[in-house]
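File shown here: final_3.txt, holding compact mmCIF, C-alpha atoms.
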# COMPACT_ATOMS: atom_id res chain seq x y z
CA MET A 1 0.00 0.00 0.00
CA GLY A 2 1.55 3.32 -1.02
CA GLU A 3 1.76 6.45 1.11
CA THR A 4 -0.49 9.39 0.34
CA LEU A 5 1.80 12.37 -0.18
CA TYR A 6 -0.43 14.88 -1.90
CA SER A 7 0.67 17.82 0.24
CA ASP A 8 4.18 18.13 -1.21
CA VAL A 9 5.93 17.95 -4.53
CA ILE A 10 8.14 14.86 -4.67
CA TYR A 11 11.52 15.39 -6.33
CA VAL A 12 12.91 12.43 -8.27
CA ALA A 13 16.60 12.43 -9.20
CA VAL A 14 17.04 10.83 -12.62
CA ASN A 15 19.97 9.84 -14.81
CA GLN A 16 20.53 11.17 -18.32
CA TYR A 17 20.44 7.52 -19.43
CA VAL A 18 16.70 6.78 -19.18
CA PRO A 19 16.90 2.95 -18.68
CA GLU A 20 19.03 3.56 -15.57
CA SER A 21 16.33 5.55 -13.73
CA GLU A 22 13.09 4.43 -15.40
CA LEU A 23 12.34 1.67 -12.86
CA ASN A 24 13.03 4.04 -9.96
CA LEU A 25 10.60 6.57 -11.41
CA LEU A 26 7.95 3.88 -11.93
CA TRP A 27 8.44 2.77 -8.30
CA THR A 28 7.80 6.36 -7.22
CA LEU A 29 4.67 6.73 -9.34
CA LYS A 30 3.15 3.42 -8.24
CA THR A 31 4.23 3.29 -4.59
CA LEU A 32 3.94 6.90 -3.41
CA ARG A 33 0.74 7.70 -5.33
CA VAL A 34 2.23 10.88 -6.72
CA LYS A 35 0.05 13.87 -7.52
CA LYS A 36 2.84 16.36 -8.28
CA LEU A 37 6.52 15.75 -8.82
CA CYS A 38 9.65 17.39 -10.15
CA LEU A 39 12.24 15.54 -12.22
CA LEU A 40 15.73 16.48 -11.06
CA GLN A 41 18.90 15.97 -13.07
CA VAL A 42 22.45 17.19 -12.52
CA LEU A 43 24.40 17.85 -15.71
CA ILE A 44 28.17 17.55 -15.34
CA PRO A 45 29.44 20.24 -17.73
CA PHE A 46 31.90 19.38 -20.47
CA SER A 47 35.18 20.97 -19.45
CA PRO A 48 38.06 19.93 -21.75
CA ASN A 49 41.73 20.21 -20.98
CA PRO A 50 43.18 23.47 -22.40
CA SER A 51 45.58 21.40 -24.50
CA CYS A 52 42.81 19.38 -26.19
CA GLY A 53 42.97 21.51 -29.33
CA LEU A 54 39.23 22.18 -29.55
CA SER A 55 38.11 25.66 -30.57
CA LYS A 56 35.65 27.65 -28.46
CA SER A 57 32.90 27.06 -31.00
CA GLU A 58 33.53 23.30 -30.93
CA ILE A 59 33.46 23.25 -27.13
CA LYS A 60 30.21 25.23 -27.10
CA ALA A 61 28.69 22.86 -29.66
CA ILE A 62 29.50 19.88 -27.42
CA GLN A 63 28.10 21.66 -24.36
CA ASP A 64 24.88 22.58 -26.22
CA SER A 65 24.54 18.99 -27.42
CA GLU A 66 24.90 17.64 -23.88
CA LEU A 67 22.35 20.15 -22.61
CA LYS A 68 19.88 19.10 -25.29
CA THR A 69 20.47 15.42 -24.47
CA SER A 70 19.65 16.12 -20.83
CA TYR A 71 16.44 17.94 -21.68
CA ASP A 72 15.45 15.20 -24.14
CA SER A 73 15.86 12.58 -21.40
CA LEU A 74 13.79 14.65 -18.98
CA TYR A 75 10.98 14.91 -21.53
CA LYS A 76 11.07 11.11 -21.91
CA TYR A 77 10.72 10.76 -18.14
CA ARG A 78 7.82 13.22 -18.26
CA ASP A 79 6.17 11.05 -20.92
CA ILE A 80 6.51 8.07 -18.58
CA CYS A 81 4.71 10.06 -15.88
CA SER A 82 1.93 10.96 -18.33
CA ASN A 83 1.55 7.31 -19.31
CA GLU A 84 1.10 6.45 -15.63
CA GLY A 85 -1.73 8.96 -15.29
CA VAL A 86 0.08 12.03 -13.92
CA ASN A 87 -1.06 15.27 -15.55
CA GLU A 88 1.79 16.75 -17.59
CA LYS A 89 1.29 20.17 -15.98
CA ASP A 90 2.00 18.55 -12.59
CA VAL A 91 5.44 17.32 -13.68
CA GLY A 92 8.19 19.89 -13.21
CA ILE A 93 11.73 19.78 -14.57
CA SER A 94 14.82 20.96 -12.72
CA LEU A 95 18.14 20.70 -14.57
CA VAL A 96 21.18 21.99 -12.69
CA SER A 97 24.83 22.01 -13.67
CA GLY A 98 27.72 21.05 -11.43
CA TYR A 99 30.78 18.84 -11.08
CA ASP A 100 29.58 16.91 -8.00
CA VAL A 101 26.12 15.37 -8.27
CA GLY A 102 25.70 14.76 -4.55
CA GLU A 103 26.68 18.29 -3.60
CA GLU A 104 24.36 19.79 -6.22
CA ILE A 105 21.41 17.73 -4.98
CA VAL A 106 22.01 18.79 -1.37
CA LYS A 107 22.32 22.40 -2.51
CA LEU A 108 19.00 22.14 -4.36
CA ILE A 109 17.31 20.59 -1.32
CA ASN A 110 18.37 23.58 0.75
CA GLN A 111 17.51 26.19 -1.89
CA ASN A 112 14.05 24.78 -2.71
CA ASN A 113 13.18 23.62 0.81
CA ILE A 114 12.58 20.11 -0.57
CA LYS A 115 10.72 17.81 1.81
CA LYS A 116 10.63 14.57 -0.20
CA LEU A 117 13.24 13.10 -2.55
CA VAL A 118 13.65 9.81 -4.42
CA MET A 119 17.08 8.90 -5.80
CA GLY A 120 19.15 5.91 -6.83
CA ALA A 121 21.03 3.91 -4.20
CA ALA A 122 23.35 2.33 -6.77
CA ALA A 123 23.61 1.59 -10.48
CA ASN A 124 21.16 -1.13 -11.59
CA PRO A 125 23.87 -3.80 -12.26
CA HIS A 126 24.91 -3.53 -8.59
CA TYR A 127 21.50 -4.57 -7.28
CA SER A 128 21.33 -7.54 -4.91
CA ARG A 129 18.86 -8.62 -2.25
CA GLY A 130 19.71 -7.12 1.14
CA MET A 131 22.12 -4.59 -0.39
CA SER A 132 22.92 -1.20 1.13
CA ILE A 133 23.69 2.12 -0.52
CA THR A 134 26.82 1.83 -2.68
CA SER A 135 26.56 5.07 -4.69
CA ARG A 136 28.95 7.73 -3.41
CA LYS A 137 26.57 10.52 -4.35
CA ALA A 138 23.64 8.78 -2.63
CA GLU A 139 25.70 8.28 0.53
CA TYR A 140 26.71 11.95 0.43
CA VAL A 141 23.10 13.07 0.13
CA SER A 142 22.04 10.73 2.93
CA GLN A 143 24.66 12.22 5.25
CA HIS A 144 24.44 15.91 4.28
CA ALA A 145 20.84 16.61 3.28
CA PRO A 146 18.87 18.58 5.92
CA THR A 147 16.87 16.40 8.30
CA ARG A 148 13.55 17.90 7.17
CA CYS A 149 13.89 16.02 3.86
CA LYS A 150 12.62 12.44 3.68
CA ILE A 151 14.60 10.39 1.14
CA TRP A 152 13.82 7.07 -0.51
CA PHE A 153 16.88 5.31 -1.99
CA ILE A 154 15.94 2.95 -4.83
CA CYS A 155 17.84 0.48 -7.01
CA LYS A 156 16.36 -1.29 -10.02
CA GLY A 157 12.87 -0.37 -8.86
CA LYS A 158 13.38 -1.79 -5.34
CA LEU A 159 13.41 0.19 -2.10
CA ILE A 160 16.85 -0.09 -0.48
CA LYS A 161 16.68 2.44 2.33
CA THR A 162 14.42 5.19 3.67
CA ARG A 163 15.88 8.15 5.51
CA GLU A 164 13.03 9.65 7.48
CA GLY A 165 12.48 13.40 7.45
CA SER A 166 12.00 15.32 10.67
CA PHE A 167 8.37 16.10 9.80
CA ASP A 168 7.58 12.39 9.43
CA LEU A 169 8.74 11.36 12.90
CA GLY A 170 5.83 12.71 14.92
CA SER A 171 5.90 14.63 18.20
CA ASP A 172 9.46 13.66 19.11
CA SER A 173 10.72 15.63 16.12
CA LEU A 174 8.71 18.67 17.15
CA LYS A 175 10.24 18.48 20.60
CA LYS A 176 13.72 18.50 19.08
CA LEU A 177 12.83 21.47 16.92
CA GLY A 178 11.22 23.28 19.82
CA ASN A 179 7.66 24.55 20.15
CA ASN A 180 8.49 28.23 19.82
CA PRO A 181 6.93 29.34 16.49
CA ASP A 182 9.40 32.21 16.26
CA LYS A 183 12.28 29.73 16.12
CA ASP A 184 10.67 26.99 14.06
CA HIS A 185 11.60 28.43 10.68
CA SER A 186 11.37 25.09 8.86
CA VAL A 187 7.72 24.64 9.79
CA ASN A 188 6.98 28.22 8.79
CA ASN A 189 8.71 27.71 5.45
CA GLU A 190 6.55 24.69 4.70
CA SER A 191 3.31 26.51 5.43
CA ASP A 192 4.50 29.55 3.46
CA ALA A 193 5.13 27.45 0.38
CA ASP A 194 1.81 25.64 0.74
CA CYS A 195 -0.24 28.85 0.81
CA ALA A 196 1.39 30.45 -2.25
CA PRO A 197 -1.07 30.75 -5.18
CA GLU A 198 -0.52 28.12 -7.86
CA ASP A 199 -0.02 30.79 -10.55
CA TYR A 200 3.13 31.98 -8.76
CA PHE A 201 4.99 28.77 -9.64
CA CYS A 202 6.90 28.21 -12.88
CA PRO A 203 5.35 25.32 -14.85
CA ILE A 204 8.82 24.00 -15.69
CA SER A 205 10.64 24.06 -12.34
CA LYS A 206 7.61 24.24 -9.97
CA ASP A 207 9.47 26.98 -8.04
CA ILE A 208 8.04 30.40 -7.21
CA MET A 209 8.99 32.79 -10.00
CA ARG A 210 11.07 35.93 -9.52
CA ASP A 211 11.23 37.09 -13.15
CA PRO A 212 8.05 35.84 -14.89
CA LEU A 213 7.88 36.00 -18.69
CA VAL A 214 4.94 35.23 -20.98
CA ALA A 215 5.75 32.99 -23.96
CA ALA A 216 3.88 32.66 -27.26
CA ASP A 217 1.72 29.85 -25.80
CA GLY A 218 0.20 32.30 -23.32
CA PHE A 219 1.76 30.63 -20.27
CA THR A 220 4.09 32.40 -17.84
CA TYR A 221 7.50 30.94 -16.97
CA GLU A 222 10.53 31.88 -14.90
CA ALA A 223 12.90 33.74 -17.24
CA LYS A 224 15.93 31.46 -16.90
CA ASN A 225 13.85 28.31 -17.42
CA ILE A 226 12.01 29.36 -20.58
CA ARG A 227 15.20 30.86 -22.03
CA TYR A 228 17.01 27.57 -21.46
CA TRP A 229 14.13 25.80 -23.17
CA LEU A 230 14.37 28.01 -26.24
CA ASN A 231 18.17 28.20 -26.34
CA VAL A 232 18.58 24.43 -26.70
CA GLY A 233 16.49 24.50 -29.87
CA ASN A 234 12.95 23.77 -28.72
CA ASN A 235 10.19 25.42 -30.76
CA THR A 236 7.23 23.93 -28.89
CA SER A 237 5.33 24.87 -25.74
CA PRO A 238 6.66 23.27 -22.52
CA GLN A 239 3.04 23.01 -21.39
CA THR A 240 1.10 21.81 -24.42
CA GLY A 241 3.73 20.55 -26.85
CA ALA A 242 2.21 22.70 -29.63
CA ARG A 243 4.52 24.63 -31.93
CA LEU A 244 5.23 28.17 -30.74
CA ALA A 245 4.18 30.92 -33.14
CA HIS A 246 7.30 32.92 -32.20
CA ARG A 247 10.14 33.03 -29.66
CA ASP A 248 9.35 36.44 -28.16
CA LEU A 249 9.06 36.70 -24.37
CA THR A 250 7.07 39.43 -22.64
CA PRO A 251 7.59 40.46 -18.98
CA ASN A 252 4.56 39.78 -16.78
CA TYR A 253 4.85 42.87 -14.61
CA THR A 254 1.50 42.39 -12.91
CA LEU A 255 2.32 38.87 -11.77
CA ARG A 256 5.83 39.89 -10.75
CA SER A 257 4.41 42.65 -8.55
CA LEU A 258 1.99 40.20 -6.91
CA ILE A 259 4.76 37.67 -6.26
CA MET A 260 7.11 40.28 -4.80
CA ASP A 261 4.31 41.47 -2.52
CA TRP A 262 3.59 37.90 -1.40
CA LEU A 263 7.28 37.22 -0.70
CA GLN A 264 7.52 40.44 1.30
CA HIS A 265 4.69 39.20 3.54
CA HIS A 266 6.25 35.72 3.82
CA PRO A 267 9.90 36.48 4.76
CA ASN A 268 10.51 32.92 6.02
CA TYR A 269 10.03 31.45 2.56
CA LYS A 270 13.40 30.36 1.17
CA HIS A 271 14.09 29.71 -2.52
Give the structure from this file in structure tokens form.
Amino acid sequence: MGETLYSDVIYVAVNQYVPESELNLLWTLKTLRVKKLCLLQVLIPFSPNPSCGLSKSEIKAIQDSELKTSYDSLYKYRDICSNEGVNEKDVGISLVSGYDVGEEIVKLINQNNIKKLVMGAAANPHYSRGMSITSRKAEYVSQHAPTRCKIWFICKGKLIKTREGSFDLGSDSLKKLGNNPDKDHSVNNESDADCAPEDYFCPISKDIMRDPLVAADGFTYEAKNIRYWLNVGNNTSPQTGARLAHRDLTPNYTLRSLIMDWLQHHPNYKH
């Protein structure tokens, strides 16, 4: 019987190689009864040795190709979610770049106040009954992620380990945190995020927008996310998949003003 986790977005860390993470994603969709989730991927940037002989244009071409490959894999994962009955608009995408996957995931957990995360415990070929975490990045996340984040470690579609989050441990956790609402910033952050209007969140990243732009499809996106989308060669809507009539982006000043006002009245919310 799966757990009902409708109150929070579940982040799922996925590999650029879809067969490596597909079973873990399916486990998440079928076991946790997901309503909203965000696909998370860390892209290790191509950084050649200065003596490699490649020109700047060749290096950029390789980097753009890798970026496109990452986005293409994320769209395939999103299709898997759609096939399992999750509405496409409820599937966010978060692609970050960094040289250490574990560190980048922990950084994202802190920045986005993530409460629930699913990630691989090891590469699929390393699976065995009764195994423990063997992935260095998974072990790093297990040890360094904030205690508020509950983490499921999966291998080949099997649950290997669960690291409970502080908000899933009941009253004992609240005692450790203290009952003073002025000091319990983590609890305040969670309620702040929950009460934010749905329109304040970027459809791609599922994060509250700071610089909202309207695209040709009529939807509003965070500037950096929609620009990434367009810069890697996409000419379709991230929301509907229909071809965009043009690539122009228009600032949504009204929405930006509303978001800034909301953030001013919710100072404990951390992005």
One-decimal distance in Å that lies between atom CA of Pro203 of chain A and atom CA of Lys89 of chain A: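 Those two atoms sit 6.7 Å apart.
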I need the residue nearest Asn110 of chain A from this list: A:Leu213, A:Cys202, A:Leu263, A:Ala145. Use all atoms listed in the file for the distance.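 When distances to Asn110 of chain A are compared using all atoms listed in the file, the smallest one comes from A:Ala145.
For the residues A:Leu54, A:Asp217, A:Leu249, A:Tyr127, ranking by smallest atom-to-atom distance to Thr236 of chain A using all atoms listed in the file places A:Asp217 first.
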Please measure the separation of atom CA of Leu255 of chain A and atom CA of Ala242 of chain A, giving the value in Å to one decimal.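 If I compute the distance from atom CA of Leu255 of chain A to atom CA of Ala242 of chain A, I get 24.1 Å.
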May I ask for the distance between atom CA of Thr147 of chain A and atom CA of Val118 of chain A, given in Å to one decimal place?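 Calculated distance between atom CA of Thr147 of chain A and atom CA of Val118 of chain A is 14.7 Å.
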When distances are computed from all atoms listed in the file, which of A:Met119, A:Met131, A:Ile114, A:Ile208 shows the smallest separation from Gly165 of chain A?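 Among A:Met119, A:Met131, A:Ile114, A:Ile208, it is A:Ile114 that comes nearest to Gly165 of chain A.
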Between A:Cys38, A:Asn235, A:Leu43, A:Trp152, which is the closest to Thr69 of chain A once you count all atoms listed in the file?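 Smallest distance to Thr69 of chain A is found for A:Leu43.
When all atoms listed in the file are used to measure the gap to Thr240 of chain A, the shortest distance among A:Asp199, A:Glu58, A:Glu88, A:Glu66 belongs to A:Glu88.
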Counting all atoms listed in the file, what is within 12 Å of Ser70 of chain A, bar same-chain residues fewer than 4 positions away, as a PyMOL selection string? chain A and resi 14-18+39-45+63-66+74-77+93-97+228-229+232
Starting from the point (13.4, 27.5, -22.3), work out which residues of protein, DNA or RNA have an atom no more than 10 Å away when counting only C-alpha atoms; state them as a list in words.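 So the residues meeting the distance criterion are Ile204, Ala215, Tyr221, Glu222, Ala223, Lys224, Asn225, Ile226, Arg227, Tyr228, Trp229, Leu230, Asn231, Val232, Gly233, Asn234, Asn235, Thr236, Ser237, Pro238 and Arg247 of chain A.
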Contacts of Asp90 of chain A within 10 Å, only C-alpha atoms, excl. fewer than 4 positions in-chain, as number ranges by chain: A: 9, 34-38, 78, 81-82, 86, 203-204, 206, 239
Residue among A:Cys155, A:Leu29, A:Ile62, A:Ile259 lying closest to Ala123 of chain A, counting all atoms listed in the file: A:Cys155
Counting all atoms listed in the file, what is within 12 Å of Met260 of chain A, bar same-chain residues fewer than 2 positions away, as a PyMOL selection string? chain A and resi 196+200+208-212+253-258+262-267+269
Need the axis-aligned box for segment 229-240 of chain A with 5 Å each side, so what are the centre and edges in Å to one decimal, as lines of an AutoDock Vina configuration file?
center_x = 9.8
center_y = 25.0
center_z = -26.1
size_x = 27.5
size_y = 16.4
size_z = 19.4
For N, CA and C atoms, please extract segment 125-152 of chain A from the block and return it as a tab-separated table (two decimals), in the first residue's frame.
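Output contents, as saved in part.tsv:
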chain	number	residue	atom	x	y	z
A	125	PRO	N	23.11	-2.53	-12.27
A	125	PRO	CA	23.87	-3.80	-12.26
A	125	PRO	C	24.37	-4.20	-10.88
A	126	HIS	N	24.40	-3.25	-9.93
A	126	HIS	CA	24.91	-3.53	-8.59
A	126	HIS	C	23.82	-4.02	-7.64
A	127	TYR	N	22.60	-4.17	-8.16
A	127	TYR	CA	21.50	-4.57	-7.28
A	127	TYR	C	21.68	-6.01	-6.79
A	128	SER	N	21.39	-6.21	-5.50
A	128	SER	CA	21.33	-7.54	-4.91
A	128	SER	C	20.41	-7.49	-3.71
A	129	ARG	N	19.77	-8.59	-3.39
A	129	ARG	CA	18.86	-8.62	-2.25
A	129	ARG	C	19.62	-8.35	-0.95
A	130	GLY	N	19.07	-7.45	-0.14
A	130	GLY	CA	19.71	-7.12	1.14
A	130	GLY	C	20.86	-6.14	1.00
A	131	MET	N	21.03	-5.53	-0.17
A	131	MET	CA	22.12	-4.59	-0.39
A	131	MET	C	21.92	-3.31	0.40
A	132	SER	N	22.98	-2.53	0.53
A	132	SER	CA	22.92	-1.20	1.13
A	132	SER	C	23.32	-0.19	0.06
A	133	ILE	N	23.32	1.08	0.43
A	133	ILE	CA	23.69	2.12	-0.52
A	133	ILE	C	25.16	1.95	-0.91
A	134	THR	N	25.44	1.92	-2.21
A	134	THR	CA	26.82	1.83	-2.68
A	134	THR	C	27.22	3.05	-3.50
A	135	SER	N	26.26	3.86	-3.92
A	135	SER	CA	26.56	5.07	-4.69
A	135	SER	C	27.16	6.14	-3.79
A	136	ARG	N	28.30	6.68	-4.22
A	136	ARG	CA	28.95	7.73	-3.41
A	136	ARG	C	28.07	8.95	-3.30
A	137	LYS	N	27.41	9.33	-4.40
A	137	LYS	CA	26.57	10.52	-4.35
A	137	LYS	C	25.35	10.30	-3.46
A	138	ALA	N	24.79	9.07	-3.49
A	138	ALA	CA	23.64	8.78	-2.63
A	138	ALA	C	24.04	8.82	-1.16
A	139	GLU	N	25.20	8.26	-0.85
A	139	GLU	CA	25.70	8.28	0.53
A	139	GLU	C	25.93	9.72	0.99
A	140	TYR	N	26.47	10.54	0.09
A	140	TYR	CA	26.71	11.95	0.43
A	140	TYR	C	25.39	12.66	0.75
A	141	VAL	N	24.39	12.43	-0.10
A	141	VAL	CA	23.10	13.07	0.13
A	141	VAL	C	22.49	12.58	1.43
A	142	SER	N	22.58	11.29	1.70
A	142	SER	CA	22.04	10.73	2.93
A	142	SER	C	22.65	11.38	4.16
A	143	GLN	N	23.94	11.67	4.09
A	143	GLN	CA	24.66	12.22	5.25
A	143	GLN	C	24.53	13.73	5.37
A	144	HIS	N	24.36	14.45	4.24
A	144	HIS	CA	24.44	15.91	4.28
A	144	HIS	C	23.13	16.64	4.01
A	145	ALA	N	22.12	15.95	3.53
A	145	ALA	CA	20.84	16.61	3.28
A	145	ALA	C	20.21	17.01	4.62
A	146	PRO	N	19.51	18.15	4.68
A	146	PRO	CA	18.87	18.58	5.92
A	146	PRO	C	17.86	17.54	6.40
A	147	THR	N	17.71	17.45	7.71
A	147	THR	CA	16.87	16.40	8.30
A	147	THR	C	15.40	16.55	7.96
A	148	ARG	N	14.97	17.72	7.51
A	148	ARG	CA	13.55	17.90	7.17
A	148	ARG	C	13.17	17.12	5.92
A	149	CYS	N	14.16	16.67	5.14
A	149	CYS	CA	13.89	16.02	3.86
A	149	CYS	C	13.87	14.49	4.03
A	150	LYS	N	12.73	13.90	3.67
A	150	LYS	CA	12.62	12.44	3.68
A	150	LYS	C	13.13	11.93	2.33
A	151	ILE	N	13.98	10.88	2.37
A	151	ILE	CA	14.60	10.39	1.14
A	151	ILE	C	14.39	8.89	1.01
A	152	TRP	N	13.92	8.49	-0.16
A	152	TRP	CA	13.82	7.07	-0.51
A	152	TRP	C	14.96	6.74	-1.47
